[in-house]
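Source file: coords.cif. Holds: mmCIF, C-alpha atoms.
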data_data
loop_
_atom_site.label_atom_id
_atom_site.label_comp_id
_atom_site.auth_asym_id
_atom_site.auth_seq_id
_atom_site.Cartn_x
_atom_site.Cartn_y
_atom_site.Cartn_z
CA MET N 19 -7.52 21.37 -21.28
CA SER N 20 -3.77 21.08 -21.53
CA ASP N 21 -2.37 20.49 -25.03
CA GLU N 22 0.24 18.10 -23.61
CA GLY N 23 0.31 14.90 -25.60
CA TRP N 24 -1.51 16.40 -28.60
CA SER N 25 0.03 16.69 -32.03
CA GLU N 26 -1.56 17.57 -35.31
CA ALA N 27 0.16 14.55 -36.83
CA ALA N 28 -1.77 12.37 -34.42
CA TRP N 29 -5.00 13.51 -36.02
CA PRO N 30 -4.51 13.98 -39.79
CA GLY N 31 -6.54 16.89 -41.10
CA MET N 32 -6.30 19.06 -37.97
CA ASN N 33 -4.95 22.02 -39.96
CA ALA N 34 -7.65 21.61 -42.60
CA ALA N 35 -10.35 21.58 -39.94
CA ARG N 36 -8.99 24.71 -38.31
CA ARG N 37 -8.97 26.47 -41.71
CA GLY N 38 -12.64 25.61 -42.13
CA GLY N 39 -12.12 22.53 -44.28
CA SER N 40 -13.18 19.04 -43.32
CA PRO N 41 -11.11 15.94 -44.02
CA PRO N 42 -13.27 13.07 -45.20
CA GLU N 43 -13.70 10.13 -42.85
CA PRO N 44 -12.48 6.88 -44.42
CA PRO N 45 -15.29 4.51 -45.43
CA GLY N 46 -16.41 2.25 -42.62
CA ARG N 47 -19.47 0.98 -40.83
CA PRO N 48 -22.17 3.65 -40.51
CA SER N 49 -23.22 5.06 -37.18
CA LEU N 50 -25.35 2.60 -35.22
CA ALA N 51 -27.54 5.36 -33.89
CA PRO N 52 -27.95 8.25 -36.33
CA GLU N 53 -30.07 10.14 -33.82
CA ALA N 54 -27.72 9.63 -30.87
CA HIS N 55 -26.79 12.90 -29.16
CA VAL N 56 -23.20 13.19 -27.92
CA LEU N 57 -22.28 15.95 -25.47
CA VAL N 58 -18.60 16.93 -25.85
CA VAL N 59 -17.22 18.56 -22.69
CA GLU N 60 -13.92 20.09 -23.80
CA ASP N 61 -12.49 23.53 -23.01
CA ASP N 62 -10.13 23.66 -25.99
CA ALA N 63 -12.29 25.34 -28.64
CA PRO N 64 -10.53 24.05 -31.82
CA MET N 65 -10.54 20.48 -30.49
CA ARG N 66 -14.16 20.76 -29.35
CA HIS N 67 -15.24 21.97 -32.79
CA LEU N 68 -13.18 19.30 -34.55
CA ILE N 69 -14.71 16.49 -32.49
CA GLY N 70 -18.20 17.88 -32.97
CA ARG N 71 -17.72 18.11 -36.72
CA LEU N 72 -16.40 14.55 -36.91
CA LEU N 73 -19.38 13.22 -34.96
CA ARG N 74 -21.89 15.11 -37.09
CA GLU N 75 -20.25 13.93 -40.32
CA ASN N 76 -20.71 10.35 -39.11
CA GLY N 77 -24.40 10.53 -38.28
CA PHE N 78 -24.48 11.78 -34.69
CA ARG N 79 -25.91 14.92 -33.15
CA ALA N 80 -23.20 16.73 -31.23
CA THR N 81 -23.19 19.58 -28.74
CA GLY N 82 -19.96 21.09 -27.48
CA VAL N 83 -19.58 22.80 -24.09
CA ARG N 84 -16.60 24.27 -22.26
CA ASP N 85 -17.07 23.30 -18.62
CA GLY N 86 -19.26 21.81 -15.93
CA ARG N 87 -21.63 24.77 -15.80
CA GLU N 88 -22.44 24.50 -19.50
CA MET N 89 -22.67 20.71 -19.23
CA ARG N 90 -25.32 20.97 -16.50
CA GLU N 91 -27.25 23.56 -18.49
CA THR N 92 -27.31 21.31 -21.56
CA LEU N 93 -28.41 18.28 -19.55
CA ARG N 94 -31.29 20.27 -18.08
CA HIS N 95 -32.67 21.17 -21.50
CA ALA N 96 -31.68 18.35 -23.88
CA GLU N 97 -31.76 14.57 -24.18
CA VAL N 98 -28.18 13.30 -24.21
CA ASP N 99 -27.17 9.73 -25.08
CA LEU N 100 -23.45 9.86 -24.28
CA ILE N 101 -20.96 12.31 -22.75
CA LEU N 102 -17.41 12.61 -24.04
CA LEU N 103 -15.79 14.14 -20.94
CA ASP N 104 -12.25 15.51 -20.80
CA VAL N 105 -10.46 15.06 -17.48
CA MET N 106 -8.46 18.31 -17.62
CA LEU N 107 -11.03 21.10 -17.38
CA PRO N 108 -10.79 24.54 -15.75
CA GLY N 109 -12.40 24.73 -12.33
CA GLU N 110 -14.15 21.42 -11.77
CA SER N 111 -12.24 18.53 -13.32
CA GLY N 112 -13.82 15.84 -15.44
CA LEU N 113 -13.49 13.43 -12.53
CA ASP N 114 -15.42 15.82 -10.27
CA LEU N 115 -18.17 16.06 -12.89
CA LEU N 116 -18.25 12.27 -13.28
CA ARG N 117 -18.79 11.87 -9.52
CA GLU N 118 -21.71 14.27 -9.75
CA LEU N 119 -23.17 12.53 -12.81
CA ARG N 120 -23.06 9.14 -11.16
CA ARG N 121 -24.87 10.49 -8.11
CA GLU N 122 -27.67 11.85 -10.29
CA GLN N 123 -27.74 9.88 -13.58
CA THR N 124 -26.15 6.52 -12.97
CA SER N 125 -26.94 5.03 -16.38
CA LEU N 126 -25.87 7.88 -18.69
CA PRO N 127 -22.85 6.58 -20.67
CA VAL N 128 -19.61 8.51 -20.17
CA VAL N 129 -16.34 8.17 -22.08
CA MET N 130 -13.45 9.89 -20.30
CA VAL N 131 -10.68 11.59 -22.29
CA THR N 132 -7.37 11.19 -20.45
CA ALA N 133 -3.71 12.07 -21.01
CA LYS N 134 -1.49 9.41 -22.51
CA GLY N 135 0.05 7.29 -19.78
CA ALA N 136 -2.22 8.69 -17.05
CA GLU N 137 -3.16 5.26 -15.71
CA ALA N 138 -4.20 6.62 -12.31
CA GLU N 139 -6.76 8.93 -13.95
CA ARG N 140 -8.12 6.10 -16.12
CA VAL N 141 -8.46 3.71 -13.20
CA LEU N 142 -10.11 6.34 -11.00
CA GLY N 143 -12.51 7.24 -13.81
CA LEU N 144 -13.51 3.60 -14.25
CA GLU N 145 -13.93 3.17 -10.50
CA LEU N 146 -16.21 6.22 -10.46
CA GLY N 147 -18.38 4.66 -13.15
CA ALA N 148 -17.02 5.72 -16.55
CA ASP N 149 -18.00 3.33 -19.34
CA ASP N 150 -14.74 3.69 -21.24
CA TYR N 151 -11.79 6.02 -21.68
CA LEU N 152 -10.05 7.56 -24.67
CA PRO N 153 -6.31 8.18 -24.17
CA LYS N 154 -4.71 11.14 -25.93
CA PRO N 155 -3.53 11.42 -28.60
CA PHE N 156 -6.25 9.53 -30.42
CA GLY N 157 -7.30 9.19 -34.04
CA ARG N 158 -10.67 9.77 -35.63
CA ARG N 159 -11.38 6.07 -36.12
CA GLU N 160 -10.62 5.25 -32.50
CA LEU N 161 -12.90 8.00 -31.22
CA LEU N 162 -15.78 6.81 -33.42
CA ALA N 163 -15.18 3.16 -32.52
CA ARG N 164 -15.29 3.84 -28.79
CA VAL N 165 -18.38 6.02 -29.00
CA ARG N 166 -20.19 3.41 -31.09
CA ALA N 167 -19.15 0.55 -28.81
CA VAL N 168 -20.41 2.30 -25.68
CA LEU N 169 -23.68 3.21 -27.40
CA ARG N 170 -24.14 -0.40 -28.52
CA ARG N 171 -23.79 -1.56 -24.93
CA ALA N 172 -26.09 1.13 -23.58
CA ARG N 173 -28.65 1.22 -26.40
CA PRO N 174 -28.83 -2.09 -28.29
CA THR N 175 -31.94 -0.95 -30.17
CA ALA N 176 -29.79 1.65 -31.91
CA ALA N 177 -28.30 -1.18 -33.94
CA GLY N 178 -31.66 -1.83 -35.57
CA PRO N 179 -34.59 -4.13 -34.69
CA GLU N 180 -33.03 -7.33 -36.03
CA GLU N 181 -29.75 -6.94 -34.17
CA ALA N 182 -31.55 -5.79 -31.04
CA ALA N 183 -33.82 -8.86 -31.07
CA ALA N 184 -30.82 -11.12 -31.46
CA HIS N 185 -28.78 -9.40 -28.75
CA ARG N 186 -27.79 -12.31 -26.54
CA GLY N 187 -31.22 -13.83 -27.18
CA ALA N 188 -34.42 -12.37 -25.68
CA ARG N 189 -34.74 -14.28 -22.43
CA GLN N 190 -34.63 -14.04 -18.66
CA LEU N 191 -31.77 -15.33 -16.54
CA ARG N 192 -31.92 -15.88 -12.79
CA PHE N 193 -29.18 -16.35 -10.18
CA ASP N 194 -29.33 -16.06 -6.38
CA ASP N 195 -32.81 -14.47 -6.66
CA TRP N 196 -31.51 -11.85 -9.10
CA THR N 197 -33.23 -11.65 -12.50
CA VAL N 198 -31.81 -10.31 -15.76
CA ASP N 199 -34.32 -9.50 -18.50
CA THR N 200 -32.19 -9.34 -21.66
CA ALA N 201 -35.07 -8.13 -23.82
CA ARG N 202 -35.48 -5.05 -21.62
CA ARG N 203 -31.81 -4.92 -20.55
CA GLU N 204 -33.00 -4.75 -16.93
CA VAL N 205 -31.39 -6.21 -13.83
CA LEU N 206 -33.74 -6.87 -10.91
CA ALA N 207 -32.45 -7.29 -7.35
CA PRO N 208 -33.91 -10.05 -5.14
CA GLY N 209 -36.56 -7.63 -3.85
CA GLY N 210 -37.67 -6.79 -7.39
CA ALA N 211 -36.11 -3.32 -7.62
CA VAL N 212 -34.43 -2.36 -10.89
CA VAL N 213 -30.70 -1.78 -10.33
CA ASP N 214 -28.83 0.65 -12.57
CA PHE N 215 -25.90 -0.87 -14.44
CA SER N 216 -23.63 0.94 -16.86
CA GLY N 217 -23.37 -0.58 -20.33
CA ALA N 218 -19.98 -2.09 -19.55
CA GLU N 219 -21.17 -3.55 -16.22
CA TYR N 220 -24.25 -5.06 -17.87
CA ASP N 221 -22.27 -6.74 -20.65
CA LEU N 222 -19.74 -8.08 -18.16
CA LEU N 223 -22.58 -9.58 -16.11
CA LEU N 224 -24.01 -11.26 -19.22
CA ALA N 225 -20.59 -12.67 -20.07
CA PHE N 226 -20.42 -14.27 -16.61
CA LEU N 227 -24.02 -15.53 -16.76
CA GLU N 228 -23.42 -17.21 -20.10
CA HIS N 229 -20.24 -18.90 -18.83
CA PRO N 230 -20.84 -19.76 -15.14
CA HIS N 231 -18.39 -21.96 -13.24
CA ARG N 232 -15.70 -21.34 -15.87
CA VAL N 233 -12.51 -19.38 -15.39
CA LEU N 234 -12.53 -16.44 -17.79
CA ALA N 235 -9.25 -14.72 -18.54
CA ARG N 236 -9.13 -10.97 -19.03
CA ASP N 237 -8.88 -11.20 -22.82
CA GLN N 238 -11.88 -13.58 -22.86
CA ILE N 239 -13.87 -11.17 -20.71
CA LEU N 240 -13.10 -8.32 -23.09
CA GLU N 241 -14.19 -10.39 -26.08
CA LEU N 242 -17.30 -11.96 -24.51
CA SER N 243 -18.60 -8.71 -23.08
CA ARG N 244 -18.02 -6.79 -26.30
CA GLY N 245 -15.94 -4.80 -23.92
CA ARG N 246 -13.25 -2.22 -24.12
CA LEU N 247 -10.75 -1.67 -26.85
CA ALA N 248 -8.07 -1.24 -24.19
CA ASP N 249 -5.26 -3.74 -23.82
CA PRO N 250 -6.45 -6.94 -22.06
CA ASN N 251 -3.72 -6.51 -19.46
CA ASP N 252 -5.01 -3.08 -18.54
CA ARG N 253 -6.45 -2.71 -15.04
CA SER N 254 -9.77 -1.68 -16.60
CA VAL N 255 -10.97 -5.31 -16.42
CA ASP N 256 -10.13 -5.58 -12.72
CA VAL N 257 -11.83 -2.26 -11.98
CA LEU N 258 -14.94 -3.30 -13.90
CA VAL N 259 -15.13 -6.62 -12.04
CA SER N 260 -14.76 -4.73 -8.75
CA ARG N 261 -17.65 -2.42 -9.66
CA LEU N 262 -19.84 -5.39 -10.57
CA ARG N 263 -18.98 -7.14 -7.31
CA ARG N 264 -20.02 -4.12 -5.26
CA LYS N 265 -23.41 -3.98 -6.96
CA LEU N 266 -24.13 -7.71 -6.73
CA GLU N 267 -22.62 -8.57 -3.37
CA GLY N 268 -22.91 -5.36 -1.38
CA GLU N 269 -21.32 -5.23 2.04
CA GLY N 270 -20.81 -8.69 3.49
CA GLY N 271 -23.08 -10.39 0.94
CA THR N 272 -22.60 -13.77 -0.70
CA ALA N 273 -19.48 -13.93 -2.88
CA MET N 274 -20.46 -14.35 -6.53
CA ILE N 275 -17.27 -13.65 -8.49
CA LYS N 276 -14.13 -15.54 -7.53
CA THR N 277 -10.65 -14.33 -8.40
CA VAL N 278 -8.52 -17.17 -9.71
CA ARG N 279 -4.98 -15.98 -9.15
CA GLY N 280 -2.97 -15.75 -12.34
CA SER N 281 -5.89 -16.92 -14.49
CA GLY N 282 -8.92 -14.64 -14.30
CA TYR N 283 -12.38 -14.72 -12.76
CA MET N 284 -15.14 -17.28 -12.19
CA PHE N 285 -18.87 -16.67 -11.67
CA LEU N 286 -20.02 -18.94 -8.83
CA PRO N 287 -23.88 -18.96 -8.61
CA GLN N 288 -26.10 -21.39 -10.48
CA VAL N 289 -27.73 -19.70 -13.47
CA GLU N 290 -31.27 -20.60 -14.53
CA ARG N 291 -32.69 -19.71 -17.94
CA LEU N 292 -36.39 -18.86 -17.59
CA ALA N 293 -37.25 -18.12 -21.22
#
Let me see whether you can do it: turn the structure in this file into structure tokens.
Amino acid sequence: MSDEGWSEAAWPGMNAARRGGSPPEPPGRPSLAPEAHVLVVEDDAPMRHLIGRLLRENGFRATGVRDGREMRETLRHAEVDLILLDVMLPGESGLDLLRELRREQTSLPVVMVTAKGAEAERVLGLELGADDYLPKPFGRRELLARVRAVLRRARPTAAGPEEAAAHRGARQLRFDDWTVDTARREVLAPGGAVVDFSGAEYDLLLAFLEHPHRVLARDQILELSRGRLADPNDRSVDVLVSRLRRKLEGEGGTAMIKTVRGSGYMFLPQVERLA
């Protein structure tokens, strides 16, 4: 990984970590999933060790690997809940690995690590199915917040039984012969097959289902879907809507999400609450 955009000032305690010390993480909310296993794919050894230490100090299991070969080997032998995947890797890039992951494990959450200002990389990563991105340089709190947010979307039970039971209400929603079971976090196509949705795609769909026939602006979508921490004007919202459209509408299917120019998006089908 290139060191461009990194500075030790951007992550206080970098020198201490490299000397073997460990700066304490400021008090905050505990990890939602103490047993969650994060795979850190990062070729820069000091940064990989620093991220792994931070995750472990905040209640996660963490495994660090250098490249795609080691990533595949880890996935073959271990249960992984989230991948923190750097774009700039030797040999196969992070984007190449994301393409491969989405062909084989469409629901495994992935947070891409991108260079500051590299909008094209971020947009491409989201289009390929990344759940979020982390622009460099980033701080410890931002890294933890993004990892926790993606895990909440992908694994609501990690927040505890009470929060999981209250997550959007345990019920079924139906639209255009599609069914969403919010207790199981399953989306069933008209033929009854379970369709894989990333955590971000699933929460965006719920936001639309809970506010049909209303124009939702980008900032509302981010808030309602418990979505990204990125700026509401970022193209991440548009990319996420595009991904959801492709899964729901397919090629030449019935339009379900309408773009309202200059305002946002509107979900068109009638929504029926079954339970």
Q: Tell me which residues the PyMOL selection byres ((chain N and resi 272) around 12) grabs here, as an MDAnalysis selection string.
A: chainID N and resid 193:195 263:271 273:276 285:287
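With all atoms listed in the file as the atoms that count, the residue of N:Leu258, N:Leu222, N:Leu206, N:Ile239 with the shortest distance to N:Ser281 is N:Ile239.
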Q.
What would the selection look like, as a VMD selection string, if the PyMOL selection byres ((chain N and resi 109) around 12) were run on the coordinates I just shared?
A. chain N and resid 19 61 84 to 87 105 to 108 110 to 115
Q.
Quick check, in Å to one decimal: how far apart do atom CA of N:Arg79 and atom CA of N:Ala163 lie?
A.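 Atom CA of N:Ala163 lies at a distance of 15.9 Å from atom CA of N:Arg79.
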Q.
I need the output of the PyMOL selection byres ((chain N and resi 219) around 12) for this file as a PyMOL selection string; which residues are they?
A. chain N and resi 124-125+127+144-145+147-150+168+171-172+203-205+213-218+220-226+239-240+243-246+254-266
Q. In Å, with one decimal, what is the gap from atom CA of N:Arg90 to atom CA of N:Arg164?
A.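 Computed distance, atom CA of N:Arg90 to atom CA of N:Arg164, equals 23.3 Å.
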Q: May I ask which of the residues N:Arg202, N:Val128, N:Val56, N:Glu137 is the closest one to N:Val98, counting all atoms listed in the file?
A: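 Closest to N:Val98 of all the choices is N:Val56.
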Q | Gap from atom CA of N:Pro64 to atom CA of N:Leu146 - Å, one decimal | A | 28.4 Å
Q: Give the answer as one residue: which of N:Arg117, N:Arg279, N:Arg158, N:Arg253 has the shortest atom-to-atom distance to N:Arg71, using all atoms listed in the file?
A: N:Arg158
Can we get stretch 163-174 of chain N of that structure written down with all heavy atoms, as a PDB file, in the first residue's frame?
ATOM      1  N   ALA N 163     -16.160   3.384  14.228  1.00  0.00           N
ATOM      2  CA  ALA N 163     -17.555   3.725  13.952  1.00  0.00           C
ATOM      3  C   ALA N 163     -18.043   3.069  12.673  1.00  0.00           C
ATOM      4  O   ALA N 163     -19.165   2.549  12.601  1.00  0.00           O
ATOM      5  CB  ALA N 163     -17.717   5.245  13.863  1.00  0.00           C
ATOM      6  N   ARG N 164     -17.199   3.073  11.641  1.00  0.00           N
ATOM      7  CA  ARG N 164     -17.622   2.487  10.370  1.00  0.00           C
ATOM      8  C   ARG N 164     -17.730   0.968  10.457  1.00  0.00           C
ATOM      9  O   ARG N 164     -18.662   0.372   9.916  1.00  0.00           O
ATOM     10  CB  ARG N 164     -16.663   2.904   9.251  1.00  0.00           C
ATOM     11  CG  ARG N 164     -16.805   4.366   8.870  1.00  0.00           C
ATOM     12  CD  ARG N 164     -15.881   4.733   7.724  1.00  0.00           C
ATOM     13  NE  ARG N 164     -15.989   6.144   7.405  1.00  0.00           N
ATOM     14  CZ  ARG N 164     -16.845   6.656   6.534  1.00  0.00           C
ATOM     15  NH1 ARG N 164     -17.689   5.876   5.897  1.00  0.00           N
ATOM     16  NH2 ARG N 164     -16.866   7.958   6.297  1.00  0.00           N
ATOM     17  N   VAL N 165     -16.791   0.338  11.137  1.00  0.00           N
ATOM     18  CA  VAL N 165     -16.856  -1.110  11.309  1.00  0.00           C
ATOM     19  C   VAL N 165     -18.112  -1.490  12.083  1.00  0.00           C
ATOM     20  O   VAL N 165     -18.851  -2.413  11.710  1.00  0.00           O
ATOM     21  CB  VAL N 165     -15.589  -1.626  12.027  1.00  0.00           C
ATOM     22  CG1 VAL N 165     -15.779  -3.053  12.515  1.00  0.00           C
ATOM     23  CG2 VAL N 165     -14.386  -1.538  11.091  1.00  0.00           C
ATOM     24  N   ARG N 166     -18.388  -0.769  13.163  1.00  0.00           N
ATOM     25  CA  ARG N 166     -19.572  -1.087  13.964  1.00  0.00           C
ATOM     26  C   ARG N 166     -20.865  -0.847  13.185  1.00  0.00           C
ATOM     27  O   ARG N 166     -21.812  -1.631  13.287  1.00  0.00           O
ATOM     28  CB  ARG N 166     -19.570  -0.241  15.240  1.00  0.00           C
ATOM     29  CG  ARG N 166     -18.540  -0.700  16.263  1.00  0.00           C
ATOM     30  CD  ARG N 166     -18.357   0.330  17.354  1.00  0.00           C
ATOM     31  NE  ARG N 166     -17.435  -0.145  18.390  1.00  0.00           N
ATOM     32  CZ  ARG N 166     -16.737   0.649  19.177  1.00  0.00           C
ATOM     33  NH1 ARG N 166     -16.835   1.964  19.050  1.00  0.00           N
ATOM     34  NH2 ARG N 166     -15.940   0.139  20.092  1.00  0.00           N
ATOM     35  N   ALA N 167     -20.905   0.240  12.407  1.00  0.00           N
ATOM     36  CA  ALA N 167     -22.118   0.535  11.646  1.00  0.00           C
ATOM     37  C   ALA N 167     -22.411  -0.552  10.616  1.00  0.00           C
ATOM     38  O   ALA N 167     -23.554  -0.976  10.453  1.00  0.00           O
ATOM     39  CB  ALA N 167     -21.986   1.894  10.956  1.00  0.00           C
ATOM     40  N   VAL N 168     -21.375  -0.997   9.907  1.00  0.00           N
ATOM     41  CA  VAL N 168     -21.581  -2.040   8.905  1.00  0.00           C
ATOM     42  C   VAL N 168     -21.990  -3.351   9.577  1.00  0.00           C
ATOM     43  O   VAL N 168     -22.871  -4.066   9.092  1.00  0.00           O
ATOM     44  CB  VAL N 168     -20.314  -2.226   8.048  1.00  0.00           C
ATOM     45  CG1 VAL N 168     -20.434  -3.458   7.154  1.00  0.00           C
ATOM     46  CG2 VAL N 168     -20.083  -0.990   7.186  1.00  0.00           C
ATOM     47  N   LEU N 169     -21.392  -3.670  10.711  1.00  0.00           N
ATOM     48  CA  LEU N 169     -21.774  -4.893  11.420  1.00  0.00           C
ATOM     49  C   LEU N 169     -23.202  -4.807  11.936  1.00  0.00           C
ATOM     50  O   LEU N 169     -23.927  -5.806  11.935  1.00  0.00           O
ATOM     51  CB  LEU N 169     -20.814  -5.158  12.579  1.00  0.00           C
ATOM     52  CG  LEU N 169     -19.459  -5.747  12.198  1.00  0.00           C
ATOM     53  CD1 LEU N 169     -18.535  -5.764  13.406  1.00  0.00           C
ATOM     54  CD2 LEU N 169     -19.620  -7.148  11.628  1.00  0.00           C
ATOM     55  N   ARG N 170     -23.634  -3.622  12.377  1.00  0.00           N
ATOM     56  CA  ARG N 170     -25.025  -3.481  12.826  1.00  0.00           C
ATOM     57  C   ARG N 170     -25.976  -3.773  11.683  1.00  0.00           C
ATOM     58  O   ARG N 170     -27.010  -4.415  11.871  1.00  0.00           O
ATOM     59  CB  ARG N 170     -25.280  -2.071  13.359  1.00  0.00           C
ATOM     60  CG  ARG N 170     -24.890  -1.863  14.812  1.00  0.00           C
ATOM     61  CD  ARG N 170     -25.582  -0.645  15.390  1.00  0.00           C
ATOM     62  NE  ARG N 170     -25.253   0.570  14.657  1.00  0.00           N
ATOM     63  CZ  ARG N 170     -24.201   1.341  14.929  1.00  0.00           C
ATOM     64  NH1 ARG N 170     -23.367   1.004  15.887  1.00  0.00           N
ATOM     65  NH2 ARG N 170     -23.976   2.435  14.229  1.00  0.00           N
ATOM     66  N   ARG N 171     -25.651  -3.266  10.495  1.00  0.00           N
ATOM     67  CA  ARG N 171     -26.532  -3.496   9.353  1.00  0.00           C
ATOM     68  C   ARG N 171     -26.543  -4.965   8.955  1.00  0.00           C
ATOM     69  O   ARG N 171     -27.582  -5.519   8.600  1.00  0.00           O
ATOM     70  CB  ARG N 171     -26.083  -2.644   8.158  1.00  0.00           C
ATOM     71  CG  ARG N 171     -26.210  -1.151   8.390  1.00  0.00           C
ATOM     72  CD  ARG N 171     -26.148  -0.383   7.088  1.00  0.00           C
ATOM     73  NE  ARG N 171     -24.880  -0.520   6.398  1.00  0.00           N
ATOM     74  CZ  ARG N 171     -23.891   0.367   6.475  1.00  0.00           C
ATOM     75  NH1 ARG N 171     -24.010   1.421   7.245  1.00  0.00           N
ATOM     76  NH2 ARG N 171     -22.785   0.197   5.785  1.00  0.00           N
ATOM     77  N   ALA N 172     -25.363  -5.593   9.009  1.00  0.00           N
ATOM     78  CA  ALA N 172     -25.264  -6.973   8.544  1.00  0.00           C
ATOM     79  C   ALA N 172     -25.675  -7.980   9.596  1.00  0.00           C
ATOM     80  O   ALA N 172     -26.160  -9.061   9.271  1.00  0.00           O
ATOM     81  CB  ALA N 172     -23.824  -7.272   8.095  1.00  0.00           C
ATOM     82  N   ARG N 173     -25.490  -7.640  10.885  1.00  0.00           N
ATOM     83  CA  ARG N 173     -25.726  -8.598  11.956  1.00  0.00           C
ATOM     84  C   ARG N 173     -26.455  -7.893  13.091  1.00  0.00           C
ATOM     85  O   ARG N 173     -25.859  -7.574  14.110  1.00  0.00           O
ATOM     86  CB  ARG N 173     -24.397  -9.155  12.486  1.00  0.00           C
ATOM     87  CG  ARG N 173     -23.532  -9.811  11.441  1.00  0.00           C
ATOM     88  CD  ARG N 173     -22.205 -10.231  12.047  1.00  0.00           C
ATOM     89  NE  ARG N 173     -22.425 -11.153  13.143  1.00  0.00           N
ATOM     90  CZ  ARG N 173     -21.549 -11.331  14.124  1.00  0.00           C
ATOM     91  NH1 ARG N 173     -20.454 -10.624  14.183  1.00  0.00           N
ATOM     92  NH2 ARG N 173     -21.793 -12.203  15.082  1.00  0.00           N
ATOM     93  N   PRO N 174     -27.747  -7.627  12.967  1.00  0.00           N
ATOM     94  CA  PRO N 174     -28.455  -6.897  14.010  1.00  0.00           C
ATOM     95  C   PRO N 174     -28.453  -7.612  15.344  1.00  0.00           C
ATOM     96  O   PRO N 174     -28.543  -6.998  16.382  1.00  0.00           O
ATOM     97  CB  PRO N 174     -29.878  -6.769  13.456  1.00  0.00           C
ATOM     98  CG  PRO N 174     -30.015  -7.887  12.494  1.00  0.00           C
ATOM     99  CD  PRO N 174     -28.644  -8.053  11.885  1.00  0.00           C
TER     100      PRO N 174
END
